Amino acid sequence: MSRVQLDHIAKAYGNGPRVIRDVNLDIQDKEFVVLVGPSGCGKSTLLRMIAGLEAITDGTLLIGDRRVNDVPPNERDIAMVFQNYALYPHMTVYENMAFGLKLRNMPKTEIKDRVTAAARLLEIENLLDRKPKDMSGGQRQRVAIGRAIVRNPQVFLFDEPLSNLDAKLRGQMRIELQKLHRDLQATMIYVTHDQIEAMTLGNRIVVLRNGDVQQFDTPITLYNQPVNRFVAGFIGTPPMNFLPGRLSGTGPLQFQSDQGAVTLDLSQSVHAPALASFRGHAVTLGIRAEHMSPVPVPGRSMPELTVQADAVEHTGNEALTYFHLDDQRFVARLPADLPLTFGQSFRLFWELDKCHFFDAETELAIR
Amino acid sequence: MSTFLRYFLLILAAASFVYPFVWMLSASLSSESELGNLTLWPVGFTWANYVTVFSKIPLGRAFVNSVLVAVITTGLVLISGAMTGYALARLQFRGRNLIFYLIIFTMTLPFQITLIPNYITMVKLGWVDTYFALIVPFMLNSLSILLFRQAFMSLPQALIDAARLDGCGELRIIFQILFPNILPTVLTITILTFMGLWNEALWPLIVIRDEPTMTMPQLVTLFSVGGRADGQLTVKITAAVMLAIPIIILYLFFQRHFIRSMASSGLKD
Ligand SMILES: Nc1ncnc2c1ncn2[C@@H]1O[C@H](COP(=O)(O)OP(=O)(O)O)[C@@H](O)[C@H]1O
Ligand SMILES: [Mg+2]
C-alpha cells in the first residue's frame, strides 16, 4: 500500500549543478529505510523531494502507486519530523499536534481522540498544555513525532531527528523508534549521517555519496559485502583499514603493499578466483579492526604480522590498538586483557577470508 | 559622584523635554489675559479654551477621521509589508534582489521629491478630498518591508516546512505561523507607522480641502495658522494639546515597546 518508488530522480537547485543525480529506489510497504552518507551528500534534498518541499527536477516519484511529483505536501499522505523539531513556538503541545488536523476540518472529538492516543503512546500526556520553550530537547522531539503520528500517514519521513540530543538520550530514542515502527506498521524513511543509527534502525540502508546511491541493502550485507571502498570505509566503527598495493603478475597469487610492509599469499584464499583477472593491477586491501587478533583461530588461514603499537585506547571491554603499515594508519580491536602499551611490538593474525579487495582505479569491490 | 552627575544630566534633559509640554498643558487651562504670568501651573484656571476649540472647529469629526485613517493604513502596511517582506526573505524568484534594492532605494528619496507627482496622481485618479488620498499612498512602506524581511529571514526554514506539511498556504504561513513569532517586529512597525500617520499634516493639507474629510493635524494647523483662533494663543495651544493627547495615552500603554521601537528602527541587521 505505502510503497515508495523513486524512478530516475534528479535534483538541481536553480541553475546549479545536479546535487541528486539519478536515484532509483524501491522502498517496500512497512519498510524502515535509512538514507545515510556524509554531510552535504544530498540526504535532506532527497527526503524533502519525497515530502514535496522541494520540486523534483527529473524522474518520477510514486507513493502507494500514485505519481505525486506535482502533489502538494499535505496531500501526499506523509508526515515529517525535523532535526530542530520545528514545533510552532506560539502553540501548546496539544495545539501543535492538532493544528494539521484542524486544517483538514476533522471533527473536534476525533482530533482529541487522536492527540490523546498519540500522547499516551509517547508518554507526553502531562505535557499537553506546555509551550515548546518550556520543554527539554527530548520532550520536544517526542512532540514532533506525536505531531507526525496523529496524521496517521502512509509514510513517515525523519531528517536527522536525534542529532540534537545527547548521546544517552539518542540511544534511548533509537530503541523507541524501533518500537514505534513495529507498533505503527508504517513505511519509514530516515535520514542520518550517523552510520550506527543507520545500522541499528534500518531494515535496509541507502548509502549516498555526492548525490549518487552507492549501495542499497540490508545492514549486514553492507557490512559484509560493501560494493566499493567508500561504503566499506563509511559503514562500521572504527572504520575499515585500507592498504594500497598490487597483485603479483606471475607466479603464486600475492598481494604486496606499495612500500613492502605486507606481503600476503592469496593463492589458497577465497578471493583467489575473483582476483585472478586483476593480476598485475593496483588494488587496495581492506580489513576491519575486528578481523585481526593476537592469537590464530585454529583451522583458518591467518597470516601473521608483527607490528608496533602507536597508541592503545582501553574502553573496558576492548582495547583499540593503533599502528602503522607502510604509511597507513591501522586500528585493531583487541581483547582488553592483553597487556599492550605504547611502543610495544606484538603479533597480529589476520583473517584472510574477511579481507576485502578494491580495484584501485574504480574503487569497486573485487568479488 | 559620577552617578550623581549622570542623574543630574538625565534630569536636566528630561526637564527640558517635559517643561514645554507641561507649559502647553497649563496654558490650555489658563485664561488668555493672564498668560503672561504663566510659569508652571495654570493661571486663572478655565475650561473656556476647550469650549472654544470644540465650538469653532469639528474636532470630533477630525479625530474620527484621524483614527480611521491611521488604523486602516497601519493595518494595510502590516499586511502588505508582511507579504512583501516574506516574498523577499523566503521565496525564490528571478529578480528578487533587484526588487529588494529598488525598495531600499526608495527610502533614500525625500518626501518632497515625490510630493508633486503623488499629488498629480491623486488628481488624475479623482481621489482629492477622499479618504483614498489619505490611505493609499501610505499603505506600502519600505521600512516595514525591510523590517519584516529581516524578521522572516531570522526564522528557521523548518517552521515553514512544517506548516506546509500541515496544509498551510503561503498566506496562512505568514499570518498564522510566522506572525505570532515576530511580535516585537510587528509592534515596532505598528507604532512607527501609526505615529507617522497620526502626525502627518503636510500631505493632507495638499490633498484635502473639504473640512469633513480633514484629519486632526491638518485641522489644527489650519485653525492655528488661519484666522479662526482669533489670535488667541491659549486656544491654539489647546488644539495642539488635543492633537497630542491620543499619542500620549498610547505611549502610557505601550511605553516599553515605544522605546524598543525607536531603538530598533536604527535598522540593525
Ligand atoms: N536551498 C538550496 N539551494 C542551493 N543548494 C542547496 C540547497 N539546499 C542544499 N543545497 C546543496 O545541495 C547539496 C546537498 O545538500 P543536503 O541535501 O542538505 O545534504 P545533506 O542533508 O546530506 O547534508 C549540498 O551541496 C548543498 O550545498
Ligand atoms: Mg541534511
# chains A, B, ... in the order shown; residues from 1 in each chain; ligands from 1

$ interface_residues --of "chain B" --to "chain A" --cutoff "6 Å" --atoms "only C-alpha atoms" --output "list in words"
Ala158, Leu159, Leu165, Asp166 and Gly167 of chain B

$ write_last_selection --atoms "N, CA, C and O atoms" --output "JSON list (two decimals), in the first residue's frame"
[["chain", "number", "residue", "atom", "x", "y", "z"],
["B", 158, "ALA", "N", 12.56, 25.21, 8.77],
["B", 158, "ALA", "CA", 11.76, 24.04, 9.14],
["B", 158, "ALA", "C", 10.37, 24.44, 9.64],
["B", 158, "ALA", "O", 9.41, 23.70, 9.48],
["B", 159, "LEU", "N", 10.27, 25.63, 10.23],
["B", 159, "LEU", "CA", 8.97, 26.10, 10.71],
["B", 159, "LEU", "C", 8.01, 26.24, 9.52],
["B", 159, "LEU", "O", 6.84, 25.85, 9.59],
["B", 165, "LEU", "N", 3.58, 21.13, 5.40],
["B", 165, "LEU", "CA", 3.15, 19.74, 5.56],
["B", 165, "LEU", "C", 1.80, 19.67, 6.26],
["B", 165, "LEU", "O", 1.01, 18.77, 6.02],
["B", 166, "ASP", "N", 1.53, 20.62, 7.14],
["B", 166, "ASP", "CA", 0.25, 20.65, 7.83],
["B", 166, "ASP", "C", -0.86, 21.17, 6.93],
["B", 166, "ASP", "O", -2.02, 21.17, 7.32],
["B", 167, "GLY", "N", -0.50, 21.65, 5.75],
["B", 167, "GLY", "CA", -1.52, 22.08, 4.81],
["B", 167, "GLY", "C", -1.74, 23.58, 4.74],
["B", 167, "GLY", "O", -2.76, 24.03, 4.25]]

$ select_by_dssp --residues "stretch 115-347 of chain A" --states "helix (DSSP H, G or I)" --output "ChimeraX atom specification"
/A:115-122,125-127,132-134,137-149,167-184,195-201,219-224,229-234,272-278,289-291

$ closest_residue --among "B:Leu102, B:Met216, B:Met122, B:Val241" --to "B:Ala27" --atoms "only C-alpha atoms"
B:Val241

$ residues_around --residues "stretch 237-253 of chain A" --least-positions-apart "2" --cutoff "8 Å" --atoms "only C-alpha atoms" --output "ChimeraX atom specification"
/A:196,232-235,255-258,265-267,272,276,278-289,325-326,328-331,360

$ residues_near_ligand --ligand "ligand 2" --cutoff "7 Å" --atoms "only C-alpha atoms and all ligand atoms" --output "list of chain:residue names"
A:Ser39, A:Gly40, A:Lys43, A:Ser44, A:Asp159

$ write_last_selection --atoms "N, CA, C and O atoms" --output "PDB file, in the first residue's frame"
ATOM      1  N   SER A  39      27.884  14.560   5.367  1.00  0.00           N
ATOM      2  CA  SER A  39      27.180  15.831   5.285  1.00  0.00           C
ATOM      3  C   SER A  39      27.307  16.421   3.877  1.00  0.00           C
ATOM      4  O   SER A  39      28.384  16.403   3.293  1.00  0.00           O
ATOM      5  N   GLY A  40      26.190  16.886   3.320  1.00  0.00           N
ATOM      6  CA  GLY A  40      26.220  17.514   2.000  1.00  0.00           C
ATOM      7  C   GLY A  40      26.057  16.562   0.836  1.00  0.00           C
ATOM      8  O   GLY A  40      26.131  16.974  -0.309  1.00  0.00           O
ATOM      9  N   LYS A  43      21.170  13.924   1.268  1.00  0.00           N
ATOM     10  CA  LYS A  43      20.149  13.168   2.005  1.00  0.00           C
ATOM     11  C   LYS A  43      18.892  13.997   2.235  1.00  0.00           C
ATOM     12  O   LYS A  43      17.782  13.568   1.937  1.00  0.00           O
ATOM     13  N   SER A  44      19.097  15.203   2.779  1.00  0.00           N
ATOM     14  CA  SER A  44      17.935  16.050   3.075  1.00  0.00           C
ATOM     15  C   SER A  44      17.208  16.423   1.789  1.00  0.00           C
ATOM     16  O   SER A  44      15.981  16.436   1.752  1.00  0.00           O
ATOM     17  N   ASP A 159      14.244  13.574   9.293  1.00  0.00           N
ATOM     18  CA  ASP A 159      15.511  14.175   8.882  1.00  0.00           C
ATOM     19  C   ASP A 159      16.395  14.399  10.106  1.00  0.00           C
ATOM     20  O   ASP A 159      16.225  15.377  10.823  1.00  0.00           O
TER      21      ASP A 159
END

$ residues_around --residues "stretch 49-66 of chain B" --least-positions-apart "4" --cutoff "6 Å" --atoms "only C-alpha atoms" --output "list in words"
Ala70, Met214, Thr215, Met216 and Val235 of chain B

$ write_last_selection --atoms "all heavy atoms" --output "compact mmCIF listing (two decimals), in the first residue's frame"
# COMPACT_ATOMS: atom_id res chain seq x y z
N ALA B 70 -5.46 56.36 10.34
CA ALA B 70 -4.27 55.77 10.94
C ALA B 70 -4.44 54.26 11.14
O ALA B 70 -3.53 53.48 10.85
CB ALA B 70 -3.94 56.45 12.26
N MET B 214 -11.08 66.16 6.79
CA MET B 214 -9.77 66.52 7.34
C MET B 214 -9.40 65.71 8.57
O MET B 214 -10.24 65.32 9.35
CB MET B 214 -9.75 68.00 7.70
CG MET B 214 -9.71 68.90 6.48
SD MET B 214 -9.59 70.62 6.98
CE MET B 214 -9.65 71.41 5.38
N THR B 215 -8.08 65.51 8.73
CA THR B 215 -7.58 64.83 9.92
C THR B 215 -7.20 65.88 10.95
O THR B 215 -7.13 67.08 10.65
CB THR B 215 -6.34 63.99 9.58
OG1 THR B 215 -5.34 64.86 9.06
CG2 THR B 215 -6.67 62.91 8.58
N MET B 216 -6.93 65.44 12.16
CA MET B 216 -6.65 66.39 13.24
C MET B 216 -5.47 67.31 12.99
O MET B 216 -5.58 68.52 13.18
CB MET B 216 -6.47 65.65 14.56
CG MET B 216 -7.81 65.41 15.26
SD MET B 216 -7.58 64.57 16.80
CE MET B 216 -7.27 65.90 17.91
N VAL B 235 -6.05 79.27 22.84
CA VAL B 235 -6.94 78.41 22.06
C VAL B 235 -6.14 77.56 21.08
O VAL B 235 -6.37 76.37 20.91
CB VAL B 235 -8.00 79.28 21.34
CG1 VAL B 235 -8.87 78.41 20.45
CG2 VAL B 235 -8.85 80.02 22.33

$ closest_atom_pairs --of "chain A" --to "ligand 1" --cutoff "10 Å" --atoms "only C-alpha atoms and all ligand atoms" --output "CSV"
residue,atom,partner,partner_atom_place_in_ligand_line,distance
A:Lys11,CA,ligand 1,12 (O),8.8
A:Ala12,CA,ligand 1,5 (N),7.8
A:Tyr13,CA,ligand 1,4 (C),4.9
A:Gly14,CA,ligand 1,4 (C),7.3
A:Asn15,CA,ligand 1,4 (C),9.4
A:Gly16,CA,ligand 1,4 (C),7.4
A:Pro17,CA,ligand 1,5 (N),8.9
A:Arg18,CA,ligand 1,12 (O),8.2
A:Val19,CA,ligand 1,13 (C),5.2
A:Ile20,CA,ligand 1,14 (C),7.7
A:Leu35,CA,ligand 1,22 (O),8.8
A:Val36,CA,ligand 1,22 (O),7.8
A:Gly37,CA,ligand 1,22 (O),6.5
A:Pro38,CA,ligand 1,22 (O),6.3
A:Ser39,CA,ligand 1,23 (O),3.8
A:Gly40,CA,ligand 1,23 (O),3.4
A:Cys41,CA,ligand 1,22 (O),4.0
A:Gly42,CA,ligand 1,17 (O),3.3
A:Lys43,CA,ligand 1,22 (O),3.7
A:Ser44,CA,ligand 1,21 (O),3.6
A:Thr45,CA,ligand 1,17 (O),3.6
A:Leu46,CA,ligand 1,17 (O),6.5
A:Leu47,CA,ligand 1,17 (O),8.0
A:Arg48,CA,ligand 1,17 (O),8.2
A:Met49,CA,ligand 1,17 (O),9.8
A:Glu54,CA,ligand 1,1 (N),8.6
A:Asp159,CA,ligand 1,21 (O),8.0
A:Glu160,CA,ligand 1,21 (O),8.6
A:Val191,CA,ligand 1,21 (O),7.8
A:Thr192,CA,ligand 1,21 (O),8.2
A:His193,CA,ligand 1,22 (O),7.4
A:Leu208,CA,ligand 1,22 (O),8.1
A:Arg209,CA,ligand 1,22 (O),8.5
A:Asn210,CA,ligand 1,14 (C),7.7
A:Gly211,CA,ligand 1,14 (C),7.4

$ atom_distance --atom1 "atom CA of A:Leu305" --atom2 "atom CA of A:Asp337"
20.2 Å

$ atom_distance --atom1 "atom CA of B:Thr188" --atom2 "atom CA of B:Phe148"
10.3 Å

$ closest_residue --among "B:Phe21, B:Thr213, B:Tyr251, B:Ala240" --to "B:Trp127" --atoms "only C-alpha atoms"
B:Thr213

$ residues_around --residues "B:Met139" --least-positions-apart "4" --cutoff "12 Å" --atoms "only C-alpha atoms" --output "list in words"
Val69, Ala70, Val71, Ile72, Thr73, Thr74, Gly75, Leu76, Val77, Leu78, Ile79, Ser80, Gly81, Ala82, Phe132, Ala133, Leu134, Ile135, Leu143, Ser144, Ile145, Thr193, Phe194 and Leu197 of chain B

$ write_last_selection --atoms "N, CA and C atoms" --output "mmCIF file, in the first residue's frame"
data_model
loop_
_atom_site.group_PDB
_atom_site.id
_atom_site.type_symbol
_atom_site.label_atom_id
_atom_site.label_comp_id
_atom_site.auth_asym_id
_atom_site.auth_seq_id
_atom_site.Cartn_x
_atom_site.Cartn_y
_atom_site.Cartn_z
ATOM 1 N N VAL B 69 -8.119 56.765 9.465
ATOM 2 C CA VAL B 69 -7.019 56.744 8.501
ATOM 3 C C VAL B 69 -5.807 56.029 9.096
ATOM 4 N N ALA B 70 -5.462 56.357 10.339
ATOM 5 C CA ALA B 70 -4.266 55.766 10.938
ATOM 6 C C ALA B 70 -4.445 54.264 11.139
ATOM 7 N N VAL B 71 -5.609 53.849 11.621
ATOM 8 C CA VAL B 71 -5.820 52.423 11.900
ATOM 9 C C VAL B 71 -5.863 51.617 10.601
ATOM 10 N N ILE B 72 -6.650 52.080 9.651
ATOM 11 C CA ILE B 72 -6.768 51.327 8.392
ATOM 12 C C ILE B 72 -5.416 51.254 7.687
ATOM 13 N N THR B 73 -4.728 52.399 7.607
ATOM 14 C CA THR B 73 -3.453 52.412 6.891
ATOM 15 C C THR B 73 -2.424 51.539 7.601
ATOM 16 N N THR B 74 -2.375 51.620 8.933
ATOM 17 C CA THR B 74 -1.422 50.773 9.656
ATOM 18 C C THR B 74 -1.722 49.302 9.389
ATOM 19 N N GLY B 75 -2.996 48.955 9.395
ATOM 20 C CA GLY B 75 -3.375 47.570 9.085
ATOM 21 C C GLY B 75 -2.891 47.163 7.706
ATOM 22 N N LEU B 76 -3.092 48.052 6.732
ATOM 23 C CA LEU B 76 -2.665 47.737 5.367
ATOM 24 C C LEU B 76 -1.147 47.645 5.262
ATOM 25 N N VAL B 77 -0.451 48.508 5.992
ATOM 26 C CA VAL B 77 1.012 48.463 5.982
ATOM 27 C C VAL B 77 1.491 47.126 6.543
ATOM 28 N N LEU B 78 0.849 46.661 7.613
ATOM 29 C CA LEU B 78 1.244 45.377 8.206
ATOM 30 C C LEU B 78 1.014 44.240 7.207
ATOM 31 N N ILE B 79 -0.128 44.269 6.552
ATOM 32 C CA ILE B 79 -0.443 43.188 5.615
ATOM 33 C C ILE B 79 0.494 43.230 4.403
ATOM 34 N N SER B 80 0.595 44.407 3.773
ATOM 35 C CA SER B 80 1.411 44.483 2.559
ATOM 36 C C SER B 80 2.891 44.299 2.888
ATOM 37 N N GLY B 81 3.324 44.885 4.002
ATOM 38 C CA GLY B 81 4.733 44.765 4.394
ATOM 39 C C GLY B 81 5.102 43.321 4.684
ATOM 40 N N ALA B 82 4.204 42.613 5.387
ATOM 41 C CA ALA B 82 4.490 41.217 5.724
ATOM 42 C C ALA B 82 4.550 40.365 4.460
ATOM 43 N N PHE B 132 -9.255 57.896 0.188
ATOM 44 C CA PHE B 132 -8.254 57.178 -0.606
ATOM 45 C C PHE B 132 -6.940 57.947 -0.651
ATOM 46 N N ALA B 133 -7.054 59.268 -0.804
ATOM 47 C CA ALA B 133 -5.849 60.089 -0.911
ATOM 48 C C ALA B 133 -5.034 60.039 0.377
ATOM 49 N N LEU B 134 -5.714 59.830 1.501
ATOM 50 C CA LEU B 134 -5.008 59.782 2.778
ATOM 51 C C LEU B 134 -4.427 58.400 3.064
ATOM 52 N N ILE B 135 -5.054 57.371 2.485
ATOM 53 C CA ILE B 135 -4.679 55.998 2.836
ATOM 54 C C ILE B 135 -3.747 55.363 1.796
ATOM 55 N N LEU B 143 10.228 50.838 4.866
ATOM 56 C CA LEU B 143 10.810 50.494 6.166
ATOM 57 C C LEU B 143 10.138 49.239 6.722
ATOM 58 N N SER B 144 8.818 49.163 6.597
ATOM 59 C CA SER B 144 8.138 47.990 7.137
ATOM 60 C C SER B 144 8.516 46.741 6.340
ATOM 61 N N ILE B 145 8.671 46.881 5.041
ATOM 62 C CA ILE B 145 9.096 45.736 4.226
ATOM 63 C C ILE B 145 10.466 45.250 4.686
ATOM 64 N N THR B 193 4.497 53.280 12.262
ATOM 65 C CA THR B 193 3.570 53.668 11.200
ATOM 66 C C THR B 193 2.437 54.525 11.754
ATOM 67 N N PHE B 194 1.869 54.067 12.863
ATOM 68 C CA PHE B 194 0.729 54.784 13.435
ATOM 69 C C PHE B 194 1.115 56.214 13.798
ATOM 70 N N LEU B 197 1.649 58.411 10.708
ATOM 71 C CA LEU B 197 0.391 58.788 10.084
ATOM 72 C C LEU B 197 -0.348 59.815 10.935
#

$ residues_around --residues "stretch 351-355 of chain A" --least-positions-apart "5" --cutoff "9 Å" --atoms "only C-alpha atoms" --output "number ranges by chain"
A: 224, 264, 266, 269-271, 285-288, 291-293, 296-297, 300-303
